[in-house]
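Okay, target_8.txt now, which holds compact mmCIF, C-alpha atoms:
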```txt
# COMPACT_ATOMS: atom_id res chain seq x y z
CA MET M 1 -3.89 7.88 -29.70
CA THR M 2 -6.38 5.42 -28.26
CA ASP M 3 -9.61 6.79 -26.77
CA THR M 4 -8.89 6.72 -23.04
CA THR M 5 -12.57 6.86 -22.08
CA THR M 6 -12.93 3.24 -23.21
CA TRP M 7 -11.93 0.59 -20.69
CA ILE M 8 -11.53 -3.14 -21.10
CA SER M 9 -12.73 -4.09 -17.66
CA GLY M 10 -12.51 -1.62 -14.79
CA PRO M 11 -11.36 2.00 -14.36
CA ALA M 12 -7.65 1.10 -14.24
CA ALA M 13 -7.18 -0.95 -17.41
CA GLY M 14 -7.00 0.78 -20.76
CA THR M 15 -7.10 -0.77 -24.19
CA GLY M 16 -3.35 -0.96 -24.68
CA LEU M 17 -3.00 -4.74 -24.24
CA PRO M 18 -5.00 -7.65 -25.66
CA ALA M 19 -8.27 -8.12 -23.80
CA GLU M 20 -7.80 -11.86 -23.47
CA SER M 21 -4.51 -11.55 -21.61
CA LEU M 22 -6.01 -9.16 -19.07
CA ALA M 23 -9.15 -11.30 -18.74
CA GLY M 24 -7.02 -14.27 -17.74
CA LEU M 25 -5.21 -12.16 -15.15
CA ASP M 26 -8.51 -10.82 -13.82
CA ALA M 27 -9.85 -14.33 -13.24
CA ALA M 28 -6.76 -15.74 -11.51
CA PRO M 29 -7.09 -16.02 -7.70
CA VAL M 30 -4.34 -14.61 -5.52
CA GLU M 31 -3.71 -14.33 -1.80
CA ALA M 32 -4.69 -10.77 -0.88
CA ARG M 33 -4.17 -9.89 2.74
CA SER M 34 -6.18 -6.65 2.68
CA LEU M 35 -9.33 -8.26 1.26
CA PRO M 36 -12.04 -9.81 3.49
CA VAL M 37 -12.00 -12.99 1.39
CA SER M 38 -8.74 -14.56 0.23
CA PRO M 39 -7.69 -15.98 -2.16
CA THR M 40 -9.65 -13.70 -4.45
CA SER M 41 -9.37 -12.27 -7.94
CA VAL M 42 -9.65 -8.87 -9.58
CA ALA M 43 -12.93 -9.97 -11.14
CA ASP M 44 -14.28 -10.97 -7.72
CA VAL M 45 -13.25 -7.65 -6.20
CA ARG M 46 -14.97 -5.68 -8.95
CA ARG M 47 -18.32 -7.32 -8.29
CA ALA M 48 -18.10 -7.54 -4.50
CA GLY M 49 -19.41 -4.03 -3.79
CA LEU M 50 -16.78 -3.37 -1.14
CA HIS M 51 -15.95 -0.16 0.72
CA LEU M 52 -12.76 0.95 2.44
CA ARG M 53 -14.36 0.00 5.76
CA ASP M 54 -14.62 -3.62 4.53
CA LEU M 55 -10.89 -3.97 3.91
CA TRP M 56 -8.56 -5.71 6.35
CA LEU M 57 -6.02 -3.18 7.48
CA PRO M 58 -3.34 -2.28 6.75
CA ALA M 59 -4.34 -1.76 3.15
CA VAL M 60 -2.56 0.06 0.34
CA THR M 61 -5.04 1.48 -2.16
CA LEU M 62 -5.07 3.44 -5.39
CA ASP M 63 -7.20 6.53 -5.98
CA ALA M 64 -9.11 6.10 -9.26
CA ASP M 65 -9.42 9.82 -10.02
CA ALA M 66 -5.77 10.64 -9.25
CA LEU M 67 -4.58 7.62 -11.23
CA ARG M 68 -6.51 8.62 -14.32
CA HIS M 69 -5.44 12.25 -13.96
CA ASN M 70 -1.76 11.31 -13.76
CA LEU M 71 -1.93 8.99 -16.75
CA ASP M 72 -3.57 11.67 -18.86
CA ARG M 73 -1.47 14.55 -17.55
CA PHE M 74 1.92 13.00 -18.25
CA ALA M 75 0.84 11.73 -21.67
CA ARG M 76 -0.09 15.33 -22.56
CA TRP M 77 3.16 16.65 -21.11
CA CYS M 78 5.19 14.32 -23.36
CA ALA M 79 3.09 15.06 -26.43
CA GLU M 80 3.48 18.82 -25.95
CA ARG M 81 7.26 18.38 -26.05
CA GLY M 82 7.37 15.94 -28.94
CA LEU M 83 8.75 13.20 -26.69
CA ASP M 84 7.99 9.50 -26.82
CA LEU M 85 7.40 7.68 -23.55
CA ALA M 86 8.72 4.24 -22.63
CA PRO M 87 7.76 4.22 -18.94
CA HIS M 88 9.68 2.21 -16.39
CA ALA M 89 7.07 -0.53 -16.08
CA LYS M 90 9.03 -2.07 -13.21
CA THR M 91 7.52 0.68 -11.03
CA THR M 92 4.20 -1.17 -10.92
CA MET M 93 4.74 -4.54 -12.67
CA SER M 94 1.00 -4.31 -13.28
CA PRO M 95 -0.38 -5.32 -16.69
CA HIS M 96 -3.54 -3.33 -15.91
CA LEU M 97 -1.50 -0.14 -15.57
CA TRP M 98 0.77 -1.01 -18.51
CA SER M 99 -2.34 -1.31 -20.62
CA ALA M 100 -3.51 2.13 -19.49
CA GLN M 101 -0.10 3.63 -20.32
CA LEU M 102 0.03 2.03 -23.76
CA ALA M 103 -3.54 3.16 -24.44
CA ARG M 104 -2.35 6.72 -23.92
CA GLY M 105 0.32 6.40 -26.56
CA ALA M 106 3.36 4.99 -24.75
CA TRP M 107 5.81 3.97 -27.50
CA ALA M 108 7.30 1.09 -25.48
CA LEU M 109 7.71 -0.15 -21.93
CA SER M 110 11.03 -0.18 -20.09
CA ALA M 111 12.19 -3.20 -18.08
CA ALA M 112 15.11 -3.50 -15.69
CA THR M 113 15.56 -7.25 -16.26
CA VAL M 114 14.98 -9.89 -18.89
CA ALA M 115 12.55 -11.59 -16.50
CA GLN M 116 10.42 -8.44 -16.48
CA ALA M 117 10.61 -8.27 -20.28
CA ARG M 118 9.46 -11.89 -20.46
CA THR M 119 6.40 -11.04 -18.36
CA MET M 120 5.66 -8.03 -20.54
CA ARG M 121 5.86 -10.10 -23.70
CA SER M 122 3.52 -12.71 -22.21
CA PHE M 123 0.83 -10.03 -21.90
CA GLY M 124 1.25 -8.80 -25.45
CA VAL M 125 3.63 -5.86 -25.03
CA GLY M 126 5.22 -5.40 -28.44
CA ARG M 127 8.27 -3.24 -27.69
CA VAL M 128 10.43 -3.41 -24.56
CA LEU M 129 13.59 -1.50 -23.69
CA ILE M 130 15.70 -3.66 -21.35
CA VAL M 131 17.73 -0.92 -19.73
CA ASN M 132 20.67 -3.04 -18.68
CA GLU M 133 23.44 -4.93 -20.41
CA VAL M 134 22.45 -8.61 -20.59
CA VAL M 135 25.32 -11.05 -19.97
CA ASP M 136 23.57 -14.10 -18.48
CA GLY M 137 23.69 -17.03 -20.89
CA GLY M 138 20.18 -18.27 -20.18
CA GLN M 139 18.69 -14.82 -20.58
CA LEU M 140 20.55 -14.22 -23.82
CA ALA M 141 19.22 -17.56 -25.05
CA TRP M 142 15.69 -16.41 -24.24
CA LEU M 143 16.30 -13.20 -26.19
CA ALA M 144 17.61 -15.20 -29.13
CA GLY M 145 14.37 -17.16 -29.18
CA ALA M 146 12.20 -14.06 -28.69
CA LEU M 147 13.83 -12.44 -31.73
CA GLY M 148 12.03 -15.08 -33.77
CA ASP M 149 8.68 -13.48 -32.82
CA PRO M 150 7.93 -10.81 -35.46
CA GLY M 151 5.55 -9.06 -33.05
CA PHE M 152 8.12 -8.58 -30.28
CA HIS M 153 10.83 -5.93 -30.47
CA PRO M 154 13.36 -5.94 -27.60
CA VAL M 155 16.15 -3.40 -27.27
CA CYS M 156 19.04 -3.85 -24.82
CA LEU M 157 22.02 -1.85 -23.57
CA VAL M 158 25.75 -2.43 -23.97
CA ASP M 159 28.47 -0.84 -21.87
CA SER M 160 31.48 -3.14 -22.34
CA ALA M 161 33.39 -5.04 -24.99
CA GLU M 162 32.99 -8.18 -22.87
CA GLY M 163 29.22 -7.76 -22.89
CA VAL M 164 29.19 -7.36 -26.66
CA ARG M 165 31.22 -10.56 -27.09
CA LEU M 166 28.95 -12.55 -24.77
CA ALA M 167 25.85 -11.37 -26.63
CA GLU M 168 27.48 -12.01 -30.00
CA ALA M 169 28.17 -15.63 -29.10
CA ALA M 170 24.75 -16.30 -27.55
CA LEU M 171 22.77 -14.74 -30.40
CA ALA M 172 24.50 -16.62 -33.20
CA GLY M 173 21.35 -18.58 -34.01
CA ALA M 174 18.87 -15.71 -33.60
CA HIS M 175 16.37 -14.95 -36.35
CA ARG M 176 17.46 -11.29 -36.55
CA PRO M 177 20.03 -8.99 -34.94
CA LEU M 178 19.34 -7.53 -31.50
CA PRO M 179 19.15 -3.71 -31.43
CA VAL M 180 21.31 -2.24 -28.68
CA LEU M 181 21.91 1.21 -27.21
CA VAL M 182 25.30 2.28 -25.88
CA GLU M 183 24.87 3.25 -22.24
CA LEU M 184 26.58 6.38 -20.91
CA GLY M 185 27.28 6.36 -17.18
CA VAL M 186 28.31 8.63 -14.34
CA GLN M 187 31.67 8.25 -12.62
CA GLY M 188 31.30 6.38 -9.34
CA ARG M 189 27.68 5.47 -9.93
CA ARG M 190 25.83 2.81 -11.89
CA ALA M 191 26.63 1.03 -15.15
CA GLY M 192 27.55 2.81 -18.36
CA VAL M 193 30.61 3.91 -20.33
CA ARG M 194 32.30 6.81 -18.58
CA ASP M 195 33.55 8.87 -21.55
CA ILE M 196 32.54 9.56 -25.14
CA ASP M 197 35.69 8.17 -26.76
CA ARG M 198 35.21 4.79 -25.06
CA ALA M 199 31.53 4.87 -25.99
CA LEU M 200 32.47 5.37 -29.63
CA ASP M 201 34.94 2.47 -29.45
CA LEU M 202 32.10 0.30 -28.17
CA ALA M 203 29.77 1.56 -30.90
CA ARG M 204 32.33 0.55 -33.53
CA LEU M 205 32.51 -2.91 -31.99
CA VAL M 206 28.73 -3.20 -32.29
CA ARG M 207 28.91 -1.96 -35.88
CA ASP M 208 31.22 -4.85 -36.70
CA SER M 209 28.98 -7.41 -34.97
CA ALA M 210 26.99 -9.93 -36.98
CA HIS M 211 24.23 -10.31 -34.40
CA LEU M 212 23.90 -6.85 -32.82
CA VAL M 213 22.90 -3.57 -34.43
CA LEU M 214 23.56 -0.10 -33.00
CA ALA M 215 20.20 1.63 -32.47
CA GLY M 216 21.19 4.65 -30.37
CA VAL M 217 22.32 5.80 -26.95
CA GLU M 218 20.91 5.65 -23.41
CA ALA M 219 21.58 7.33 -20.08
CA PHE M 220 19.95 7.49 -16.66
CA GLU M 221 20.29 10.82 -14.91
CA GLY M 222 18.41 9.46 -11.90
CA VAL M 223 21.78 8.52 -10.37
CA PHE M 224 22.19 12.21 -9.50
CA PRO M 225 20.47 13.45 -6.33
CA GLN M 226 16.76 13.88 -7.05
CA ARG M 227 16.26 17.38 -5.69
CA ARG M 228 15.73 20.90 -6.98
CA ASP M 229 17.25 22.97 -4.15
CA ASP M 230 20.97 22.47 -4.85
CA ASP M 231 23.30 22.21 -7.85
CA SER M 232 21.95 18.80 -8.94
CA PRO M 233 19.87 20.18 -11.86
CA ALA M 234 22.90 22.04 -13.21
CA ARG M 235 25.04 18.90 -12.98
CA VAL M 236 22.35 16.92 -14.78
CA ARG M 237 22.09 19.49 -17.57
CA GLY M 238 25.82 19.40 -18.21
CA TRP M 239 25.97 15.62 -18.21
CA LEU M 240 22.96 15.20 -20.54
CA ASP M 241 24.75 17.18 -23.25
CA ARG M 242 26.85 14.04 -23.81
CA LEU M 243 23.86 12.22 -25.34
CA LEU M 244 23.69 14.37 -28.45
CA ASP M 245 27.48 14.72 -28.56
CA PHE M 246 27.80 10.94 -28.85
CA THR M 247 24.93 10.76 -31.35
CA VAL M 248 26.43 13.36 -33.68
CA ARG M 249 29.89 11.81 -33.63
CA ALA M 250 28.57 8.27 -34.13
CA ASP M 251 26.37 9.38 -37.01
CA ALA M 252 29.29 11.16 -38.67
CA GLU M 253 31.10 7.80 -38.75
CA GLY M 254 28.08 6.06 -40.27
CA LEU M 255 27.57 3.88 -37.18
CA PHE M 256 23.76 4.06 -37.50
CA ALA M 257 23.65 2.87 -41.10
CA GLU M 258 21.71 -0.29 -40.25
CA VAL M 259 18.71 1.32 -38.49
CA PRO M 260 15.81 3.46 -39.78
CA GLU M 261 16.01 5.83 -36.79
CA VAL M 262 18.28 6.65 -33.85
CA ILE M 263 16.90 6.25 -30.33
CA VAL M 264 18.15 8.70 -27.71
CA THR M 265 16.67 7.93 -24.32
CA ALA M 266 17.02 9.10 -20.73
CA GLY M 267 14.61 10.50 -18.20
CA GLY M 268 13.69 8.97 -14.90
CA SER M 269 10.85 10.48 -12.92
CA GLY M 270 12.80 13.31 -11.30
CA TYR M 271 14.28 15.17 -14.28
CA PRO M 272 12.31 14.43 -17.47
CA ASP M 273 12.06 18.17 -18.07
CA LEU M 274 15.85 18.49 -18.14
CA VAL M 275 16.01 15.61 -20.61
CA ALA M 276 13.38 17.34 -22.75
CA ASP M 277 15.45 20.54 -22.65
CA ALA M 278 18.66 18.71 -23.54
CA LEU M 279 17.02 17.08 -26.56
CA SER M 280 14.87 20.05 -27.60
CA ASP M 281 17.16 21.18 -30.44
CA PRO M 282 18.19 17.92 -32.12
CA PRO M 283 20.97 18.06 -34.67
CA SER M 284 20.57 17.17 -38.31
CA LEU M 285 21.42 13.48 -38.69
CA SER M 286 21.50 11.03 -41.55
CA VAL M 287 18.46 9.24 -40.06
CA PRO M 288 15.52 10.48 -37.95
CA LEU M 289 15.94 10.90 -34.19
CA ARG M 290 13.49 9.40 -31.69
CA ARG M 291 13.64 11.13 -28.29
CA VAL M 292 12.38 8.88 -25.49
CA VAL M 293 11.85 9.51 -21.76
CA ARG M 294 11.32 6.62 -19.37
CA SER M 295 9.57 8.10 -16.32
CA GLY M 296 7.58 5.52 -14.34
CA CYS M 297 6.63 7.00 -10.96
CA TYR M 298 4.35 9.59 -12.56
CA VAL M 299 1.57 6.96 -12.61
CA THR M 300 0.95 7.41 -8.90
CA HIS M 301 3.29 10.28 -8.02
CA ASP M 302 3.65 10.40 -4.19
CA ASP M 303 3.56 12.70 -1.15
CA LEU M 304 7.29 13.18 -0.63
CA PHE M 305 10.06 11.92 -2.95
CA MET M 306 8.39 12.63 -6.31
CA GLU M 307 6.61 15.67 -4.93
CA ARG M 308 10.04 17.16 -4.21
CA ALA M 309 11.61 16.24 -7.55
CA SER M 310 9.05 16.00 -10.36
CA PRO M 311 8.65 18.90 -12.78
CA LEU M 312 4.91 18.37 -12.34
CA ARG M 313 5.02 18.82 -8.55
CA SER M 314 2.37 20.96 -6.89
CA SER M 315 4.78 23.80 -6.10
CA ALA M 316 5.86 24.11 -9.74
CA VAL M 317 2.76 23.88 -11.96
CA ALA M 318 -0.93 24.77 -11.83
CA ASP M 319 -2.03 21.29 -12.87
CA PRO M 320 0.27 18.96 -10.91
CA LEU M 321 0.43 15.23 -10.63
CA ARG M 322 -1.51 13.91 -7.63
CA PRO M 323 -0.60 11.28 -5.04
CA ALA M 324 -2.59 8.18 -6.03
CA LEU M 325 -1.19 5.71 -3.48
CA SER M 326 -2.41 5.64 0.12
CA CYS M 327 -2.11 3.29 3.05
CA TYR M 328 -4.77 2.92 5.71
CA ALA M 329 -3.73 1.54 9.09
CA ARG M 330 -5.47 1.08 12.43
CA VAL M 331 -4.28 2.59 15.71
CA LEU M 332 -3.52 -0.47 17.86
CA SER M 333 -2.18 1.05 21.05
CA ARG M 334 -1.54 4.27 23.00
CA PRO M 335 0.99 2.83 25.45
CA GLU M 336 2.36 6.15 26.71
CA PRO M 337 1.82 9.91 26.28
CA GLY M 338 2.91 11.17 22.91
CA ARG M 339 3.10 7.73 21.34
CA ALA M 340 0.68 5.63 19.28
CA LEU M 341 1.31 2.32 17.55
CA LEU M 342 -0.11 1.67 14.10
CA GLY M 343 -0.67 -1.73 12.56
CA VAL M 344 1.59 -1.06 9.58
CA GLY M 345 5.28 -1.64 9.00
CA LYS M 346 8.13 -2.26 6.61
CA ARG M 347 6.34 -5.27 5.12
CA ASP M 348 3.54 -2.95 3.96
CA VAL M 349 4.92 0.46 2.92
CA SER M 350 8.05 2.06 1.53
CA PHE M 351 10.75 3.30 3.88
CA ASP M 352 13.88 3.39 1.70
CA ILE M 353 13.75 7.16 1.08
CA ASP M 354 11.13 8.62 3.45
CA LEU M 355 8.84 7.32 6.14
CA PRO M 356 5.08 7.63 5.47
CA VAL M 357 3.38 10.91 6.32
CA PRO M 358 0.06 10.96 8.25
CA ARG M 359 -2.54 12.81 6.18
CA ALA M 360 -5.74 12.31 8.15
CA LEU M 361 -7.69 10.37 10.77
CA LEU M 362 -10.75 8.43 9.73
CA ARG M 363 -13.10 8.32 12.70
CA GLY M 364 -16.44 6.83 11.78
CA GLU M 365 -17.62 8.75 8.71
CA ARG M 366 -15.40 11.74 9.47
CA ARG M 367 -12.07 12.48 7.78
CA ILE M 368 -10.01 14.72 10.04
CA PRO M 369 -6.92 16.26 8.38
CA LEU M 370 -3.74 16.00 10.43
CA ASP M 371 -1.05 18.63 10.76
CA GLY M 372 2.63 18.24 11.52
CA GLY M 373 1.88 17.44 15.15
CA VAL M 374 1.55 13.75 14.26
CA ARG M 375 4.41 12.02 12.47
CA VAL M 376 5.72 8.54 11.77
CA ALA M 377 8.99 8.25 13.69
CA GLU M 378 9.90 4.61 13.04
CA LEU M 379 8.75 1.42 11.35
CA ASN M 380 9.26 -2.16 12.50
CA ASP M 381 8.21 -5.12 10.40
CA HIS M 382 4.53 -4.77 11.34
CA HIS M 383 4.32 -1.70 13.57
CA GLY M 384 4.51 2.01 12.93
CA PHE M 385 5.53 4.39 15.73
CA LEU M 386 3.61 7.66 15.78
CA ASP M 387 4.99 10.63 17.67
CA ILE M 388 2.20 12.96 18.81
CA SER M 389 3.15 16.42 20.00
CA ALA M 390 1.31 18.17 22.82
CA SER M 391 0.24 20.84 20.33
CA ALA M 392 -1.39 18.38 17.90
CA ALA M 393 -4.94 19.51 17.12
CA HIS M 394 -6.15 15.91 16.86
CA ALA M 395 -4.62 12.95 18.65
CA PRO M 396 -5.30 9.41 17.39
CA VAL M 397 -7.09 7.04 19.73
CA VAL M 398 -7.19 3.24 19.68
CA GLY M 399 -9.44 2.09 16.86
CA ASP M 400 -8.94 5.16 14.65
CA ILE M 401 -7.78 4.68 11.09
CA VAL M 402 -4.81 6.77 9.96
CA GLU M 403 -4.55 7.65 6.28
CA LEU M 404 -0.90 7.68 5.27
CA GLY M 405 0.77 9.28 2.28
CA LEU M 406 3.72 7.36 0.87
CA SER M 407 7.10 8.00 -0.74
CA HIS M 408 8.77 6.20 -3.68
CA PRO M 409 6.04 4.09 -5.31
CA CYS M 410 8.56 1.55 -6.69
CA THR M 411 8.98 0.06 -3.22
CA VAL M 412 5.27 0.03 -2.41
CA PHE M 413 3.87 -1.88 -5.38
CA ASP M 414 6.17 -4.86 -4.86
CA LYS M 415 4.62 -5.58 -1.45
CA TRP M 416 1.04 -6.02 -2.68
CA PRO M 417 -0.03 -8.64 -5.28
CA LEU M 418 -3.53 -7.12 -5.46
CA ILE M 419 -4.29 -3.44 -4.81
CA PRO M 420 -7.87 -2.15 -4.48
CA VAL M 421 -8.83 1.00 -6.40
CA LEU M 422 -11.09 3.46 -4.56
CA ASP M 423 -13.39 6.15 -5.93
CA SER M 424 -13.99 9.50 -4.25
CA GLY M 425 -16.58 7.89 -1.93
CA ARG M 426 -14.00 5.28 -0.78
CA ARG M 427 -15.88 2.55 -2.63
CA VAL M 428 -13.76 -0.24 -4.13
CA VAL M 429 -14.46 0.10 -7.84
CA ASP M 430 -11.58 -1.94 -9.23
CA ALA M 431 -8.29 -3.64 -8.38
CA VAL M 432 -4.94 -4.12 -10.09
CA ARG M 433 -2.60 -7.08 -9.98
CA THR M 434 1.16 -6.82 -9.64
CA LEU M 435 3.54 -9.51 -10.91
CA PHE M 436 6.86 -9.09 -9.10
```

Show the structure stored in the file as structure tokens.
Amino acid sequence: MTDTTTWISGPAAGTGLPAESLAGLDAAPVEARSLPVSPTSVADVRRAGLHLRDLWLPAVTLDADALRHNLDRFARWCAERGLDLAPHAKTTMSPHLWSAQLARGAWALSAATVAQARTMRSFGVGRVLIVNEVVDGGQLAWLAGALGDPGFHPVCLVDSAEGVRLAEAALAGAHRPLPVLVELGVQGRRAGVRDIDRALDLARLVRDSAHLVLAGVEAFEGVFPQRRDDDSPARVRGWLDRLLDFTVRADAEGLFAEVPEVIVTAGGSGYPDLVADALSDPPSLSVPLRRVVRSGCYVTHDDLFMERASPLRSSAVADPLRPALSCYARVLSRPEPGRALLGVGKRDVSFDIDLPVPRALLRGERRIPLDGGVRVAELNDHHGFLDISASAAHAPVVGDIVELGLSHPCTVFDKWPLIPVLDSGRRVVDAVRTLF
């Protein structure tokens, strides 16, 4: 595993990607609405000597210490369980953070789309799992060309005979076959074959293909409710048993004869522990088994959604993941008792699962923790509505800064093309780019 104390440029970027690709990204100017000068670049931000108080609010920031802790902590968690990690890189779409993940031993990156995979390849990522069936002709043509690059190893999913036929036709001129995983799905939810017999029929179709090769099986248990206080974990456990059932039956038919190993992959950010348990006693197969989880949100964790679901939440382990994403917003108005308006809205922070949670007031040099007496009740495009109870120990006043904790990092990163990284003294020590 790469020495994670060595950094290419700033605290966020590890040595997992070629230095020249990150250097080009660092130098490229981008419009950055939270920076006092815009357009600006990551390189400019690193040498500007900025502080949180210099940023234009609202500003989403990353915590350098929490970020590094989470990267290290989850890498150790996977290694302790003998799991490989192919993190959902769509969470951040940040080459700086991909590099840090790969430096800590990530076996691959996972992409949701071919466009994301194309971006990953352009920064030197060598192995990408495209966790969808690809049926678009132009995208299949791109994959056919990319298969001519000996340093790039894409893997895709299949879940239908039609999809196999489309890929077979489009890849006729490819330099080598495309490895694919049969996707198992959940009734009524997202893509994937609904039963094992149909999955085996599809695997046989791949076996007979001239331009596809069966490399394993994939599932995404994140379609189940991401919570620990009902029967969801039990439902997930029962469903995950299908992964090894399919693998054993496919291997018995010799369907993996063309690959050196079988990939079995699942594991979003909510239930990677259940995936680890389901794959903890692998059967004896004719070829080695590679067990891969694809968690992505661990990089930043969060205050609500992941804190409820992750096996490394603070209520479950002594050394938990830490929230590394924050938003800082100014109090703009106190138009009536019990109500304050913040300069932050849906264009700035996630709201698809939970509204932000007020952590603290920043008043001058003081950080004043907030209790449940202050809450975000609503978001408009550019305004946040704070409800303030009469019992609140500290009430925001116009000009205060409110520090907000966030929920679901996937829908925060895509709003910010450049995100400052703060140290424990709220100094801007780095920045990361996102490429959505």

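Using all atoms listed in the file, the smallest distance between any of M:Gly173, M:Lys346, M:Phe74, M:Arg190 and Ser310 (chain M) comes from M:Phe74.
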
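Distances to Cys297 (chain M) were evaluated for M:Gly372, M:Gly192, M:Gly14, M:Pro272 using only C-alpha atoms, and the minimum falls at M:Pro272.
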
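Taking CA of Pro150 (chain M) and CA of Ser122 (chain M) as endpoints, the distance between them is 14.1 Å.
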
- Task: Considering only C-alpha atoms, state which residue in the set M:Asp159, M:Arg433, M:Asp302, M:Ala276 is at the smallest distance from Ala23 (chain M).
- Result: M:Arg433

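When only C-alpha atoms are used to compute distances to Pro39 (chain M), the closest of the residues M:Leu435, M:Pro417, M:Asp65, M:Leu240 turns out to be M:Pro417.
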
- Message: Please list as a VMD selection string every residue within 8 Å of Pro396 (chain M), counting only C-alpha atoms and excluding residues in the same chain fewer than 4 positions away.
- Response: chain M and resid 331 340 361 400 402

- Message: With 10 Å as the threshold, what does the neighbourhood of (5.5, 5.3, -1.1) contain in terms of residues, counting all atoms listed in the file? Coordinates are those of the file; answer as a ChimeraX atom specification.
- Response: /M:60,300-306,323-327,348-357,404-413

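Minimum distance to Val248 (chain M) across M:Ser160, M:Ser286, M:Asn70, M:Thr92 (counting only C-alpha atoms) occurs at M:Ser286.
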
N, CA and C atoms modelled onto region 291-306 of chain M, as an mmCIF file, keeping the file's coordinate frame:
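For reference, rebuild_25.cif as written:
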```cif
data_model
loop_
_atom_site.group_PDB
_atom_site.id
_atom_site.type_symbol
_atom_site.label_atom_id
_atom_site.label_comp_id
_atom_site.auth_asym_id
_atom_site.auth_seq_id
_atom_site.Cartn_x
_atom_site.Cartn_y
_atom_site.Cartn_z
ATOM 1 N N ARG M 291 13.299 10.684 -29.640
ATOM 2 C CA ARG M 291 13.640 11.130 -28.290
ATOM 3 C C ARG M 291 12.671 10.469 -27.302
ATOM 4 N N VAL M 292 13.206 9.713 -26.356
ATOM 5 C CA VAL M 292 12.380 8.880 -25.490
ATOM 6 C C VAL M 292 12.717 9.161 -24.025
ATOM 7 N N VAL M 293 11.686 9.454 -23.217
ATOM 8 C CA VAL M 293 11.850 9.510 -21.760
ATOM 9 C C VAL M 293 11.236 8.258 -21.156
ATOM 10 N N ARG M 294 11.709 7.913 -19.949
ATOM 11 C CA ARG M 294 11.320 6.620 -19.370
ATOM 12 C C ARG M 294 10.722 6.757 -17.959
ATOM 13 N N SER M 295 10.143 7.889 -17.650
ATOM 14 C CA SER M 295 9.570 8.100 -16.320
ATOM 15 C C SER M 295 8.534 7.028 -16.005
ATOM 16 N N GLY M 296 8.543 6.538 -14.757
ATOM 17 C CA GLY M 296 7.580 5.520 -14.340
ATOM 18 C C GLY M 296 6.735 5.923 -13.145
ATOM 19 N N CYS M 297 7.334 6.669 -12.209
ATOM 20 C CA CYS M 297 6.630 7.000 -10.960
ATOM 21 C C CYS M 297 5.491 7.984 -11.151
ATOM 22 N N TYR M 298 5.430 8.639 -12.335
ATOM 23 C CA TYR M 298 4.350 9.590 -12.560
ATOM 24 C C TYR M 298 2.973 8.951 -12.408
ATOM 25 N N VAL M 299 2.870 7.637 -12.639
ATOM 26 C CA VAL M 299 1.570 6.960 -12.610
ATOM 27 C C VAL M 299 0.842 7.248 -11.299
ATOM 28 N N THR M 300 1.571 7.155 -10.194
ATOM 29 C CA THR M 300 0.950 7.410 -8.900
ATOM 30 C C THR M 300 1.497 8.648 -8.211
ATOM 31 N N HIS M 301 2.643 9.188 -8.727
ATOM 32 C CA HIS M 301 3.290 10.280 -8.020
ATOM 33 C C HIS M 301 3.482 9.852 -6.555
ATOM 34 N N ASP M 302 3.649 10.765 -5.614
ATOM 35 C CA ASP M 302 3.650 10.400 -4.190
ATOM 36 C C ASP M 302 3.597 11.681 -3.362
ATOM 37 N N ASP M 303 3.677 11.549 -2.043
ATOM 38 C CA ASP M 303 3.560 12.700 -1.150
ATOM 39 C C ASP M 303 4.888 13.352 -0.832
ATOM 40 N N LEU M 304 6.007 12.690 -1.128
ATOM 41 C CA LEU M 304 7.290 13.180 -0.630
ATOM 42 C C LEU M 304 8.371 13.174 -1.705
ATOM 43 N N PHE M 305 8.915 12.014 -2.051
ATOM 44 C CA PHE M 305 10.060 11.920 -2.950
ATOM 45 C C PHE M 305 9.759 12.546 -4.306
ATOM 46 N N MET M 306 8.732 12.084 -5.003
ATOM 47 C CA MET M 306 8.390 12.630 -6.310
ATOM 48 C C MET M 306 7.818 14.035 -6.198
#
```
